[in-house]
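What follows is the content of work15.txt, which has compact mmCIF, C-alpha atoms:
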# COMPACT_ATOMS: atom_id res chain seq x y z
CA MET A 1 -5.76 4.34 8.46
CA ILE A 2 -4.87 1.55 10.88
CA LYS A 3 -5.98 2.13 14.48
CA THR A 4 -3.91 0.41 17.11
CA ASP A 5 -2.78 0.70 20.73
CA VAL A 6 0.93 0.99 19.97
CA VAL A 7 3.18 1.48 16.94
CA ILE A 8 6.63 0.02 17.50
CA ILE A 9 9.42 1.43 15.38
CA GLY A 10 12.09 -1.23 14.97
CA ALA A 11 11.82 -5.02 14.81
CA GLY A 12 15.05 -5.80 16.64
CA PRO A 13 15.08 -7.89 19.81
CA THR A 14 13.99 -4.97 21.98
CA GLY A 15 11.01 -4.09 19.76
CA LEU A 16 10.01 -7.76 19.51
CA PHE A 17 10.07 -8.35 23.24
CA CYS A 18 8.16 -5.12 23.88
CA ALA A 19 5.52 -6.46 21.47
CA HIS A 20 5.41 -9.63 23.55
CA GLN A 21 4.87 -7.64 26.70
CA LEU A 22 2.10 -5.63 25.03
CA GLY A 23 0.44 -8.86 23.95
CA ILE A 24 0.65 -10.23 27.46
CA ILE A 25 -1.14 -7.22 28.93
CA GLY A 26 -3.77 -7.30 26.21
CA LEU A 27 -2.70 -4.48 23.91
CA LYS A 28 -2.41 -4.53 20.13
CA CYS A 29 0.55 -3.23 18.19
CA GLU A 30 1.90 -2.73 14.68
CA ILE A 31 5.63 -3.06 14.03
CA VAL A 32 7.47 -1.04 11.37
CA ASP A 33 11.06 -1.70 10.25
CA ASN A 34 13.23 -0.26 7.54
CA LEU A 35 14.92 -3.61 6.84
CA ASP A 36 13.28 -6.27 4.70
CA LYS A 37 13.47 -8.80 7.51
CA ILE A 38 12.77 -9.06 11.23
CA GLY A 39 15.65 -8.94 13.71
CA GLY A 40 17.38 -5.56 13.48
CA GLN A 41 21.11 -5.48 14.21
CA CYS A 42 20.99 -9.14 15.32
CA ILE A 43 20.06 -10.26 11.85
CA GLU A 44 21.78 -7.58 9.80
CA LEU A 45 25.11 -7.34 11.61
CA TYR A 46 25.69 -10.65 13.36
CA PRO A 47 23.23 -13.42 12.36
CA ASP A 48 25.96 -16.05 12.81
CA LYS A 49 27.85 -14.57 15.72
CA PRO A 50 27.21 -16.16 19.08
CA ILE A 51 25.76 -14.03 21.88
CA TYR A 52 26.68 -15.11 25.42
CA ASP A 53 24.79 -12.71 27.64
CA ILE A 54 21.11 -13.45 27.21
CA PRO A 55 19.89 -14.55 30.65
CA ALA A 56 19.34 -18.32 30.86
CA VAL A 57 20.60 -18.79 27.29
CA PRO A 58 24.29 -19.67 27.56
CA GLU A 59 24.89 -19.22 23.85
CA CYS A 60 22.82 -18.36 20.80
CA THR A 61 23.33 -16.58 17.49
CA GLY A 62 21.61 -13.39 16.43
CA GLU A 63 19.46 -15.43 14.09
CA GLU A 64 18.44 -17.95 16.75
CA LEU A 65 17.58 -15.18 19.18
CA THR A 66 15.44 -13.48 16.53
CA ASN A 67 13.67 -16.71 15.58
CA ASN A 68 12.87 -17.45 19.21
CA LEU A 69 11.49 -13.96 19.76
CA ILE A 70 9.32 -14.28 16.65
CA GLU A 71 8.08 -17.63 17.95
CA GLN A 72 7.34 -16.08 21.33
CA ILE A 73 5.03 -13.38 19.89
CA LYS A 74 3.33 -15.63 17.35
CA PRO A 75 0.18 -16.12 19.47
CA PHE A 76 -0.58 -12.40 19.21
CA ASN A 77 -0.58 -12.23 15.38
CA PHE A 78 0.88 -8.74 15.26
CA ASN A 79 1.42 -7.14 11.86
CA PHE A 80 4.89 -6.35 10.58
CA HIS A 81 5.46 -3.56 8.07
CA LEU A 82 8.92 -4.29 6.69
CA SER A 83 11.02 -2.33 4.17
CA ASP A 84 9.19 0.74 5.36
CA ARG A 85 10.17 3.64 7.55
CA VAL A 86 8.19 5.89 9.85
CA GLN A 87 8.57 9.31 8.34
CA GLN A 88 6.24 11.55 10.30
CA LEU A 89 4.70 11.75 13.76
CA LYS A 90 1.94 14.27 14.37
CA ASN A 91 -0.14 14.81 17.47
CA GLU A 92 -3.87 15.27 16.99
CA ASN A 93 -6.41 15.17 19.84
CA ASN A 94 -4.03 13.28 22.09
CA LYS A 95 -3.42 10.62 19.44
CA TRP A 96 -0.35 10.18 17.35
CA LEU A 97 -0.76 10.08 13.60
CA VAL A 98 2.06 8.03 12.18
CA LYS A 99 2.95 8.13 8.48
CA THR A 100 5.40 5.86 6.72
CA LEU A 101 7.51 6.31 3.63
CA ASN A 102 5.30 3.84 1.73
CA GLY A 103 2.21 5.84 2.63
CA LYS A 104 0.83 3.75 5.47
CA GLU A 105 -0.99 5.64 8.22
CA PHE A 106 -1.60 4.67 11.82
CA GLU A 107 -3.58 6.28 14.61
CA THR A 108 -2.33 5.37 18.05
CA PRO A 109 -2.02 6.77 21.57
CA ASN A 110 1.48 5.28 21.88
CA VAL A 111 4.64 5.05 19.82
CA VAL A 112 7.56 2.98 21.04
CA ILE A 113 10.85 3.85 19.37
CA ALA A 114 13.04 0.76 19.44
CA GLY A 115 15.13 1.91 16.55
CA GLY A 116 18.62 0.84 17.61
CA VAL A 117 20.93 3.51 16.34
CA GLY A 118 18.57 4.49 13.56
CA SER A 119 17.83 2.90 10.25
CA PHE A 120 20.32 0.96 8.20
CA GLU A 121 21.43 2.55 4.98
CA PRO A 122 24.22 1.54 2.64
CA ARG A 123 27.50 3.39 3.08
CA LYS A 124 28.09 5.42 -0.04
CA PHE A 125 31.26 6.47 -1.85
CA PRO A 126 32.92 9.47 -0.21
CA THR A 127 33.49 11.08 -3.62
CA LYS A 128 31.16 13.97 -4.37
CA SER A 129 31.15 13.20 -8.09
CA ALA A 130 29.49 9.83 -7.43
CA GLU A 131 26.32 11.50 -6.17
CA LYS A 132 25.39 12.66 -9.66
CA TYR A 133 25.12 9.04 -10.83
CA ASP A 134 23.59 7.67 -7.63
CA GLY A 135 20.79 5.23 -8.42
CA LYS A 136 21.58 5.25 -12.12
CA SER A 137 25.09 3.96 -12.75
CA VAL A 138 26.51 4.20 -9.24
CA LEU A 139 24.66 1.61 -7.18
CA TYR A 140 24.78 0.23 -3.64
CA SER A 141 22.32 -2.62 -4.13
CA ILE A 142 21.16 -4.59 -7.13
CA LYS A 143 17.56 -5.02 -8.07
CA ASP A 144 17.87 -6.13 -11.69
CA LYS A 145 21.10 -7.82 -12.68
CA THR A 146 20.21 -7.97 -16.39
CA ILE A 147 21.19 -4.30 -16.79
CA PHE A 148 24.86 -5.30 -16.42
CA LYS A 149 24.92 -7.72 -19.36
CA ASP A 150 27.97 -7.10 -21.57
CA LYS A 151 28.84 -3.94 -19.58
CA SER A 152 31.96 -2.92 -17.71
CA VAL A 153 31.23 -3.13 -14.01
CA VAL A 154 33.65 -1.96 -11.32
CA ILE A 155 32.82 -3.35 -7.88
CA PHE A 156 34.27 -1.94 -4.64
CA GLY A 157 34.36 -3.82 -1.34
CA GLY A 158 35.75 -6.90 0.38
CA GLY A 159 32.75 -8.50 2.05
CA ASP A 160 30.29 -11.12 0.90
CA SER A 161 28.10 -8.76 -1.14
CA ALA A 162 31.06 -7.51 -3.16
CA LEU A 163 32.48 -11.00 -3.70
CA ASP A 164 29.15 -12.66 -4.48
CA TRP A 165 28.22 -10.05 -7.05
CA ALA A 166 31.69 -10.09 -8.60
CA ILE A 167 31.37 -13.86 -9.02
CA GLU A 168 27.79 -13.71 -10.27
CA LEU A 169 28.32 -10.88 -12.75
CA SER A 170 31.59 -12.31 -14.09
CA ASN A 171 29.49 -14.64 -16.27
CA SER A 172 27.96 -11.89 -18.33
CA SER A 173 29.88 -8.66 -17.65
CA LYS A 174 33.43 -7.38 -17.62
CA VAL A 175 34.06 -7.24 -13.88
CA THR A 176 36.79 -5.44 -11.95
CA LEU A 177 36.89 -5.91 -8.20
CA VAL A 178 38.66 -3.21 -6.19
CA HIS A 179 39.39 -3.55 -2.48
CA ARG A 180 41.42 -1.40 -0.08
CA ARG A 181 43.54 -4.27 1.27
CA ASP A 182 44.70 -7.78 0.35
CA GLU A 183 42.48 -9.61 2.80
CA PHE A 184 38.78 -10.10 2.23
CA ARG A 185 36.20 -10.52 4.92
CA GLY A 186 33.84 -12.63 2.78
CA ALA A 187 33.28 -16.37 3.14
CA PRO A 188 36.49 -18.36 2.52
CA ALA A 189 34.92 -20.25 -0.42
CA SER A 190 34.03 -16.96 -2.13
CA VAL A 191 37.51 -15.56 -1.53
CA GLN A 192 38.96 -18.73 -3.09
CA LYS A 193 36.63 -18.41 -6.09
CA ILE A 194 37.58 -14.76 -6.59
CA LYS A 195 41.27 -15.70 -6.60
CA GLU A 196 40.59 -18.39 -9.23
CA LEU A 197 38.61 -15.99 -11.41
CA SER A 198 41.41 -13.49 -11.09
CA ASP A 199 44.11 -16.07 -11.90
CA ASN A 200 42.32 -17.17 -15.06
CA LYS A 201 41.66 -13.53 -15.98
CA THR A 202 37.88 -13.80 -15.87
CA ILE A 203 37.85 -10.79 -13.57
CA ASP A 204 40.38 -8.06 -12.81
CA LEU A 205 41.28 -7.94 -9.16
CA ILE A 206 42.89 -4.76 -7.86
CA THR A 207 43.77 -4.49 -4.19
CA LYS A 208 45.14 -1.64 -2.08
CA TYR A 209 43.22 0.87 -4.12
CA SER A 210 40.15 2.92 -3.35
CA ILE A 211 37.87 5.21 -5.33
CA LYS A 212 39.08 8.68 -6.23
CA ASP A 213 36.63 10.01 -8.76
CA VAL A 214 33.98 9.01 -11.27
CA LYS A 215 33.86 10.64 -14.65
CA GLY A 216 31.39 10.85 -17.47
CA ASN A 217 29.70 13.08 -19.89
CA GLY A 218 26.04 12.66 -19.18
CA SER A 219 26.44 8.96 -18.66
CA LEU A 220 29.17 7.34 -16.59
CA GLU A 221 32.35 6.51 -18.51
CA SER A 222 35.14 5.76 -16.10
CA VAL A 223 36.20 5.52 -12.52
CA GLU A 224 39.55 6.70 -11.20
CA ILE A 225 41.11 4.77 -8.35
CA LYS A 226 44.04 5.66 -6.11
CA SER A 227 46.50 3.80 -3.96
CA GLU A 228 47.71 5.13 -0.65
CA THR A 229 51.15 5.68 -2.11
CA GLY A 230 49.71 8.10 -4.61
CA GLU A 231 49.40 6.03 -7.81
CA SER A 232 46.18 6.25 -9.72
CA LYS A 233 44.48 4.29 -12.47
CA VAL A 234 41.50 5.00 -14.67
CA LEU A 235 39.12 2.11 -15.37
CA LYS A 236 36.42 2.10 -18.00
CA ALA A 237 33.08 1.70 -16.26
CA ASP A 238 29.46 1.61 -17.29
CA TYR A 239 28.47 0.82 -13.73
CA VAL A 240 30.18 1.31 -10.38
CA LEU A 241 28.96 -0.75 -7.43
CA GLY A 242 29.88 -0.07 -3.81
CA PHE A 243 29.43 -2.65 -1.05
CA PHE A 244 30.82 -1.17 2.17
CA GLY A 245 28.21 -2.52 4.53
CA LEU A 246 25.51 -0.55 6.21
CA ILE A 247 25.66 2.54 8.34
CA MET A 248 23.05 3.59 10.81
CA GLN A 249 21.37 6.94 10.36
CA LEU A 250 19.01 8.45 12.88
CA GLY A 251 16.99 9.76 9.94
CA PRO A 252 13.55 11.30 10.50
CA ILE A 253 13.56 10.48 14.25
CA ALA A 254 15.65 13.62 14.70
CA GLU A 255 12.79 15.75 13.38
CA TRP A 256 10.02 14.76 15.78
CA GLY A 257 10.77 17.32 18.46
CA LEU A 258 12.18 14.79 20.89
CA ASN A 259 14.98 15.75 23.23
CA LEU A 260 18.19 14.29 21.85
CA ASP A 261 21.54 13.62 23.45
CA LYS A 262 23.88 13.09 20.50
CA LYS A 263 22.15 10.26 18.68
CA THR A 264 20.16 8.96 21.64
CA ILE A 265 16.85 9.89 23.24
CA PRO A 266 16.75 10.66 26.97
CA VAL A 267 13.96 8.84 28.83
CA ASN A 268 12.76 8.43 32.38
CA THR A 269 13.49 5.04 33.85
CA GLU A 270 10.02 4.55 35.27
CA ASN A 271 8.33 3.82 31.95
CA PHE A 272 10.86 4.93 29.30
CA GLU A 273 8.71 7.79 28.10
CA THR A 274 10.46 10.61 26.26
CA ASN A 275 9.75 14.32 26.63
CA LYS A 276 6.64 13.75 24.48
CA LYS A 277 3.61 12.17 26.09
CA GLY A 278 2.92 8.74 24.58
CA ILE A 279 6.29 8.43 22.88
CA PHE A 280 8.59 5.91 24.46
CA ALA A 281 12.16 4.96 23.57
CA ILE A 282 13.79 1.65 24.45
CA GLY A 283 16.92 -0.29 23.55
CA ASP A 284 20.10 1.18 22.10
CA ILE A 285 18.39 4.41 21.10
CA CYS A 286 17.43 5.50 24.62
CA THR A 287 19.69 6.95 27.24
CA TYR A 288 19.53 7.48 31.01
CA PRO A 289 22.08 7.43 33.82
CA GLY A 290 23.71 4.00 33.86
CA LYS A 291 22.35 2.92 30.46
CA LEU A 292 23.90 -0.28 29.11
CA LYS A 293 23.53 -1.15 25.45
CA LEU A 294 22.72 -4.77 26.18
CA ILE A 295 19.86 -6.80 24.74
CA LEU A 296 18.82 -7.74 28.25
CA SER A 297 18.50 -4.06 29.19
CA GLY A 298 16.32 -3.58 26.11
CA PHE A 299 14.04 -6.38 27.30
CA HIS A 300 13.58 -4.71 30.67
CA GLU A 301 12.97 -1.34 29.07
CA GLY A 302 10.37 -2.86 26.73
CA ALA A 303 8.50 -4.50 29.60
CA LEU A 304 8.20 -1.21 31.48
CA ALA A 305 7.37 0.83 28.37
CA ALA A 306 4.53 -1.62 27.62
CA ARG A 307 2.96 -0.83 31.02
CA GLY A 308 3.45 2.86 30.26
CA CYS A 309 1.50 2.38 27.02
CA PHE A 310 -1.35 0.71 28.89
CA LYS A 311 -2.19 3.95 30.70
CA TYR A 312 -2.88 5.81 27.42
CA ALA A 313 -4.41 2.90 25.53
CA ARG A 314 -6.89 1.98 28.30
CA PRO A 315 -7.33 5.22 30.25
CA ASP A 316 -10.43 3.90 32.01
CA GLU A 317 -8.93 0.62 33.13
CA LYS A 318 -6.52 -0.05 35.90
CA TYR A 319 -3.47 -2.11 34.97
CA ARG A 320 -3.25 -5.20 37.12
CA PHE A 321 0.06 -7.00 37.48
CA GLU A 322 -0.10 -10.72 36.74
CA PHE A 323 2.34 -13.59 36.36
CA THR A 324 2.27 -15.71 33.20
CA THR A 325 2.52 -18.82 35.39
CA ALA A 326 -0.70 -18.03 37.24
CA SER A 327 -2.95 -15.87 35.09
CA SER A 328 -5.62 -17.61 33.06
CA THR A 329 -6.23 -14.35 31.13
CA ILE A 330 -2.63 -14.34 29.97
CA LYS A 331 -2.81 -18.02 29.10
CA ASP A 332 -5.88 -17.29 26.97
CA ARG A 333 -3.99 -14.53 25.19
CA LEU A 334 -1.13 -16.92 24.54
CA GLY A 335 -3.55 -19.58 23.33
CA VAL A 336 -2.25 -22.02 25.94
CA LYS A 337 -4.54 -24.97 26.55
CA GLU A 338 -4.65 -26.14 30.15
CA MET B 1 47.09 7.60 32.86
CA ALA B 2 48.05 8.83 29.42
CA LYS B 3 47.80 12.18 27.71
CA ILE B 4 46.01 11.61 24.41
CA LYS B 5 45.74 14.25 21.73
CA TYR B 6 42.66 14.14 19.49
CA ILE B 7 42.79 16.25 16.34
CA GLU B 8 39.53 16.94 14.56
CA PHE B 9 39.39 16.92 10.77
CA ASN B 10 39.28 20.72 10.80
CA GLY B 11 42.54 20.79 12.77
CA LYS B 12 41.11 21.61 16.19
CA GLU B 13 43.13 19.90 18.89
CA HIS B 14 41.97 18.45 22.21
CA GLU B 15 44.36 17.06 24.78
CA VAL B 16 42.95 14.99 27.62
CA ASP B 17 44.20 12.74 30.38
CA VAL B 18 42.68 9.33 29.93
CA PRO B 19 42.86 6.85 32.82
CA ASN B 20 44.44 3.47 32.25
CA GLY B 21 42.03 0.77 31.16
CA MET B 22 39.73 3.12 29.35
CA SER B 23 39.69 3.06 25.55
CA VAL B 24 40.85 5.97 23.43
CA MET B 25 37.24 6.12 22.20
CA GLU B 26 35.86 6.44 25.74
CA GLY B 27 38.42 9.12 26.50
CA ALA B 28 36.94 11.21 23.69
CA VAL B 29 33.29 10.48 24.37
CA ARG B 30 33.40 11.31 28.08
CA SER B 31 35.12 14.62 27.34
CA ASP B 32 32.54 15.41 24.64
CA ILE B 33 35.18 15.65 21.95
CA PRO B 34 33.40 15.78 18.60
CA GLY B 35 34.35 13.50 15.72
CA ILE B 36 34.04 10.11 17.41
CA ASP B 37 30.51 8.70 17.41
CA ALA B 38 30.94 5.17 18.81
CA ASP B 39 27.41 4.09 17.89
CA CYS B 40 27.81 0.54 19.17
CA GLY B 41 29.30 1.65 22.47
CA GLY B 42 32.72 0.08 22.02
CA GLY B 43 31.92 -3.41 20.83
CA MET B 44 33.80 -3.43 17.52
CA SER B 45 30.40 -3.75 15.85
CA CYS B 46 30.33 -0.50 13.93
CA ALA B 47 33.02 1.69 12.47
CA THR B 48 32.11 5.04 13.92
CA CYS B 49 35.07 5.51 16.27
CA HIS B 50 37.50 5.40 13.36
CA VAL B 51 40.76 7.34 13.74
CA TYR B 52 44.02 7.67 11.83
CA ILE B 53 47.42 7.22 13.47
CA ASN B 54 49.57 9.49 11.35
CA ASP B 55 52.82 8.85 13.21
CA ASP B 56 54.46 5.66 11.92
CA GLU B 57 56.31 5.06 15.18
CA TRP B 58 53.05 5.10 17.11
CA LEU B 59 51.34 2.92 14.52
CA LYS B 60 53.97 0.23 15.10
CA LYS B 61 53.91 0.64 18.85
CA LEU B 62 50.15 0.18 19.26
CA PRO B 63 48.80 -3.29 20.07
CA GLU B 64 48.06 -5.19 16.86
CA LYS B 65 44.58 -5.32 15.44
CA GLU B 66 42.45 -8.14 16.65
CA MET B 67 40.60 -10.30 14.18
CA GLY B 68 37.59 -8.37 12.98
CA GLU B 69 38.92 -4.85 13.38
CA ASP B 70 40.01 -4.60 9.76
CA ASP B 71 36.69 -6.11 8.65
CA MET B 72 34.88 -3.31 10.44
CA LEU B 73 37.32 -0.74 9.07
CA ASP B 74 36.40 -1.86 5.53
CA GLN B 75 33.04 -0.34 6.34
CA ALA B 76 34.38 2.93 7.72
CA PHE B 77 34.47 6.29 5.97
CA GLU B 78 37.74 6.45 3.96
CA PRO B 79 39.76 3.77 5.72
CA LYS B 80 43.54 3.78 5.19
CA SER B 81 46.36 1.50 6.23
CA ASN B 82 46.89 3.68 9.33
CA SER B 83 43.25 3.43 10.36
CA ARG B 84 42.26 2.07 13.77
CA LEU B 85 39.07 1.74 15.73
CA SER B 86 39.65 3.85 18.82
CA CYS B 87 37.49 1.52 20.94
CA GLN B 88 40.17 -1.12 20.48
CA LEU B 89 42.99 1.06 21.78
CA ILE B 90 43.10 0.52 25.52
CA VAL B 91 44.94 3.21 27.40
CA SER B 92 47.97 2.44 29.52
CA ASP B 93 51.00 4.52 30.53
CA ASP B 94 52.59 3.30 27.29
CA LEU B 95 50.11 5.33 25.27
CA ASP B 96 51.13 8.62 26.89
CA GLY B 97 51.60 11.19 24.13
CA LEU B 98 49.56 9.37 21.46
CA THR B 99 47.95 11.56 18.83
CA VAL B 100 44.94 10.40 16.83
CA HIS B 101 43.40 12.18 13.87
CA MET B 102 39.69 12.05 13.17
CA PRO B 103 38.36 11.38 9.67
CA GLU B 104 36.18 13.91 7.90
CA LYS B 105 33.12 12.09 9.22
CA GLN B 106 32.14 8.81 10.82
CA VAL B 107 28.93 7.96 8.97

Encoded form using structure tokens:
Amino acid sequence: MIKTDVVIIGAGPTGLFCAHQLGIIGLKCEIVDNLDKIGGQCIELYPDKPIYDIPAVPECTGEELTNNLIEQIKPFNFNFHLSDRVQQLKNENNKWLVKTLNGKEFETPNVVIAGGVGSFEPRKFPTKSAEKYDGKSVLYSIKDKTIFKDKSVVIFGGGDSALDWAIELSNSSKVTLVHRRDEFRGAPASVQKIKELSDNKTIDLITKYSIKDVKGNGSLESVEIKSETGESKVLKADYVLGFFGLIMQLGPIAEWGLNLDKKTIPVNTENFETNKKGIFAIGDICTYPGKLKLILSGFHEGALAARGCFKYARPDEKYRFEFTTASSTIKDRLGVKE
Amino acid sequence: MAKIKYIEFNGKEHEVDVPNGMSVMEGAVRSDIPGIDADCGGGMSCATCHVYINDDEWLKKLPEKEMGEDDMLDQAFEPKSNSRLSCQLIVSDDLDGLTVHMPEKQV
């Protein structure tokens, strides 16, 4: 059991800056994120895309923004718990007991939900029949590529994951790449390579088709694909891989008894507390009149939520507002030498 | 102003007046029409405001897809060649009478 002042759910920009604000006012926190890296949507959806509306930063990419935020909270040495997901929140004696999927447990007076639009999960095939083979021969990520050796592998998708794996596996497997249109969104060099591999018949490339059904008798045997004009083909398949990007699912957050408005959590704009005492929501996941889903709004929300956390973490102390430019206490916390 | 008809996957129809300048997505969200999620808020950064334009004439008449829309649609639930992201369809008088069909689900 880890005891802390605040558990932050979500390591996107909003969660990171809230951690900074907690550090500044002298609180400890632990940060949990479902992804295997820090940065949330910034790093998962647009690491290379420039952002133009961070105050005083005319232009930066999602990756640069993330790296700078990580740098900014370094002095506080907060722990990150990546590739893990908060599963359960339970109130006991005015403390929140937080349990994760990997079995970690925290005791804290405050939980800050900075979960974006929920956790990222791979988009799966729409076909019901694929569920039966999910995790066995129908896969959405690859952990061990040796299982594909000398097998027939049908890959669906047009982005970098689909192209990279088609190229990689073409060395040792019989690869078919199926995509719903002629254009690919992957890196130009990968698209070029795929076309070469297709031209010299190393892989089969089928465009303007999508999945219709998977068939097997115990183990997977084939996959049926369809075009929009109604034609269909059956391809032999030992494995079917789908790379359609990630979708965001609210997941367990919906089960914690919080008021919900569609997929967002209503908060008050004084300290971004939800209907549950000690549970705060900031960033894309919170809603209030006038809410903007901007990173800068998330920063503001995190700063105020941090002060809200102070009240429960240090009930006997009075929070005193200080500027980083003037406060020697803050400079000590930041490890700044004067 | 344009009258836009939204048809849910189950066939339920909603007809609303959407002011010029608003997106077809916003027209649905502010009238609480189910079937369009718009997780990212209209930034072409998710694919949860996905609709089908079943009428060929309308499909041709709509403004062409910007770069990136098809990339996002690759990641939608059951995209087809008549798929559009409704956040990219900005309403003007020209869109009066447009009908969009919702997919079975967004995520």

Contacts between chain B and chain A, please, where a residue of chain A counts if it comes within 7 Å (with all atoms listed in the file); show its shortest atom pair and distance in Å to one decimal, rows by chain and ascending number, as a tab-separated table.
residue	atom	partner	partner_atom	distance
A:Val117	CA	B:Asp39	CA	6.7
A:Arg185	CA	B:Asp71	CA	5.8
A:Phe244	CA	B:Gln75	CA	4.8
A:Gly245	CA	B:Gln75	CA	5.6
A:Ile247	CA	B:Val107	CA	6.4

Quiz item: What lies within 6 Å of region 23-29 of chain B using only C-alpha atoms, ignoring chain neighbours under 3 positions off, as JSON, numbers by chain?
Solution: {"B": [18, 32, 33, 86, 87, 89, 90, 91]}

Practice problem: Name all residues at most 7 Å from region 303-320 of chain A (count only C-alpha atoms; drop same-chain ones fewer than 4 positions away) and give them as number ranges by chain. | Solution: A: 5, 18, 21-22, 109-110, 271-272, 278, 280, 299

Quiz item: Got a sec: who's within 9 Å of Leu82 (chain A), counting all atoms listed in the file, leaving out chain neighbours fewer than 4 positions off, as a PyMOL selection string?
Solution: chain A and resi 11+31-38

Written file, previous selection with C-alpha atoms, as a short mmCIF file (atom, residue, chain, number, x, y, z; two decimals), keeping the file's coordinate frame:
data_model
loop_
_atom_site.label_atom_id
_atom_site.label_comp_id
_atom_site.auth_asym_id
_atom_site.auth_seq_id
_atom_site.Cartn_x
_atom_site.Cartn_y
_atom_site.Cartn_z
CA ALA A 11 11.82 -5.02 14.81
CA ILE A 31 5.63 -3.06 14.03
CA VAL A 32 7.47 -1.04 11.37
CA ASP A 33 11.06 -1.70 10.25
CA ASN A 34 13.23 -0.26 7.54
CA LEU A 35 14.92 -3.61 6.84
CA ASP A 36 13.28 -6.27 4.70
CA LYS A 37 13.47 -8.80 7.51
CA ILE A 38 12.77 -9.06 11.23
#

Self-check item: Pick from B:Glu64, B:Glu8, B:Glu69, B:Asp55 nearest to Ile36 (chain B), counting all atoms listed in the file
Solution: B:Glu8

Exercise. Just the residues within 7 Å of Gly302 (chain A), please, counting all atoms listed in the file, with nothing from its chain fewer than 5 positions along; format it as a list in words.
Key: Thr14, Phe17, Cys18 and Ile282 of chain A

Complete region 207-220 of chain A with N, CA and C atoms (output as a PDB file, in the coordinates of the input).
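So selection_6.pdb came out as:
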ATOM      1  N   THR A 207      43.847  -4.746  -5.633  1.00  0.00           N
ATOM      2  CA  THR A 207      43.770  -4.490  -4.190  1.00  0.00           C
ATOM      3  C   THR A 207      44.661  -3.298  -3.826  1.00  0.00           C
ATOM      4  N   LYS A 208      44.441  -2.811  -2.620  1.00  0.00           N
ATOM      5  CA  LYS A 208      45.140  -1.640  -2.080  1.00  0.00           C
ATOM      6  C   LYS A 208      44.860  -0.372  -2.885  1.00  0.00           C
ATOM      7  N   TYR A 209      43.677  -0.345  -3.443  1.00  0.00           N
ATOM      8  CA  TYR A 209      43.220   0.870  -4.120  1.00  0.00           C
ATOM      9  C   TYR A 209      41.832   1.225  -3.602  1.00  0.00           C
ATOM     10  N   SER A 210      41.514   2.509  -3.682  1.00  0.00           N
ATOM     11  CA  SER A 210      40.150   2.920  -3.350  1.00  0.00           C
ATOM     12  C   SER A 210      39.701   3.961  -4.370  1.00  0.00           C
ATOM     13  N   ILE A 211      38.429   4.321  -4.299  1.00  0.00           N
ATOM     14  CA  ILE A 211      37.870   5.210  -5.330  1.00  0.00           C
ATOM     15  C   ILE A 211      38.417   6.625  -5.164  1.00  0.00           C
ATOM     16  N   LYS A 212      38.649   7.289  -6.295  1.00  0.00           N
ATOM     17  CA  LYS A 212      39.080   8.680  -6.230  1.00  0.00           C
ATOM     18  C   LYS A 212      38.030   9.578  -6.873  1.00  0.00           C
ATOM     19  N   ASP A 213      37.529   9.139  -8.022  1.00  0.00           N
ATOM     20  CA  ASP A 213      36.630  10.010  -8.760  1.00  0.00           C
ATOM     21  C   ASP A 213      35.856   9.174  -9.782  1.00  0.00           C
ATOM     22  N   VAL A 214      34.660   9.616 -10.124  1.00  0.00           N
ATOM     23  CA  VAL A 214      33.980   9.010 -11.270  1.00  0.00           C
ATOM     24  C   VAL A 214      33.802  10.089 -12.332  1.00  0.00           C
ATOM     25  N   LYS A 215      33.912   9.655 -13.576  1.00  0.00           N
ATOM     26  CA  LYS A 215      33.860  10.640 -14.650  1.00  0.00           C
ATOM     27  C   LYS A 215      32.886  10.206 -15.728  1.00  0.00           C
ATOM     28  N   GLY A 216      32.294  11.154 -16.372  1.00  0.00           N
ATOM     29  CA  GLY A 216      31.390  10.850 -17.470  1.00  0.00           C
ATOM     30  C   GLY A 216      30.919  12.123 -18.100  1.00  0.00           C
ATOM     31  N   ASN A 217      30.252  11.931 -19.200  1.00  0.00           N
ATOM     32  CA  ASN A 217      29.700  13.080 -19.890  1.00  0.00           C
ATOM     33  C   ASN A 217      28.228  12.762 -20.101  1.00  0.00           C
ATOM     34  N   GLY A 218      27.440  13.101 -19.137  1.00  0.00           N
ATOM     35  CA  GLY A 218      26.040  12.660 -19.180  1.00  0.00           C
ATOM     36  C   GLY A 218      25.923  11.291 -18.573  1.00  0.00           C
ATOM     37  N   SER A 219      26.439  10.286 -19.265  1.00  0.00           N
ATOM     38  CA  SER A 219      26.440   8.960 -18.660  1.00  0.00           C
ATOM     39  C   SER A 219      27.853   8.628 -18.146  1.00  0.00           C
ATOM     40  N   LEU A 220      27.897   7.699 -17.214  1.00  0.00           N
ATOM     41  CA  LEU A 220      29.170   7.340 -16.590  1.00  0.00           C
ATOM     42  C   LEU A 220      30.112   6.686 -17.603  1.00  0.00           C
TER      43      LEU A 220
END
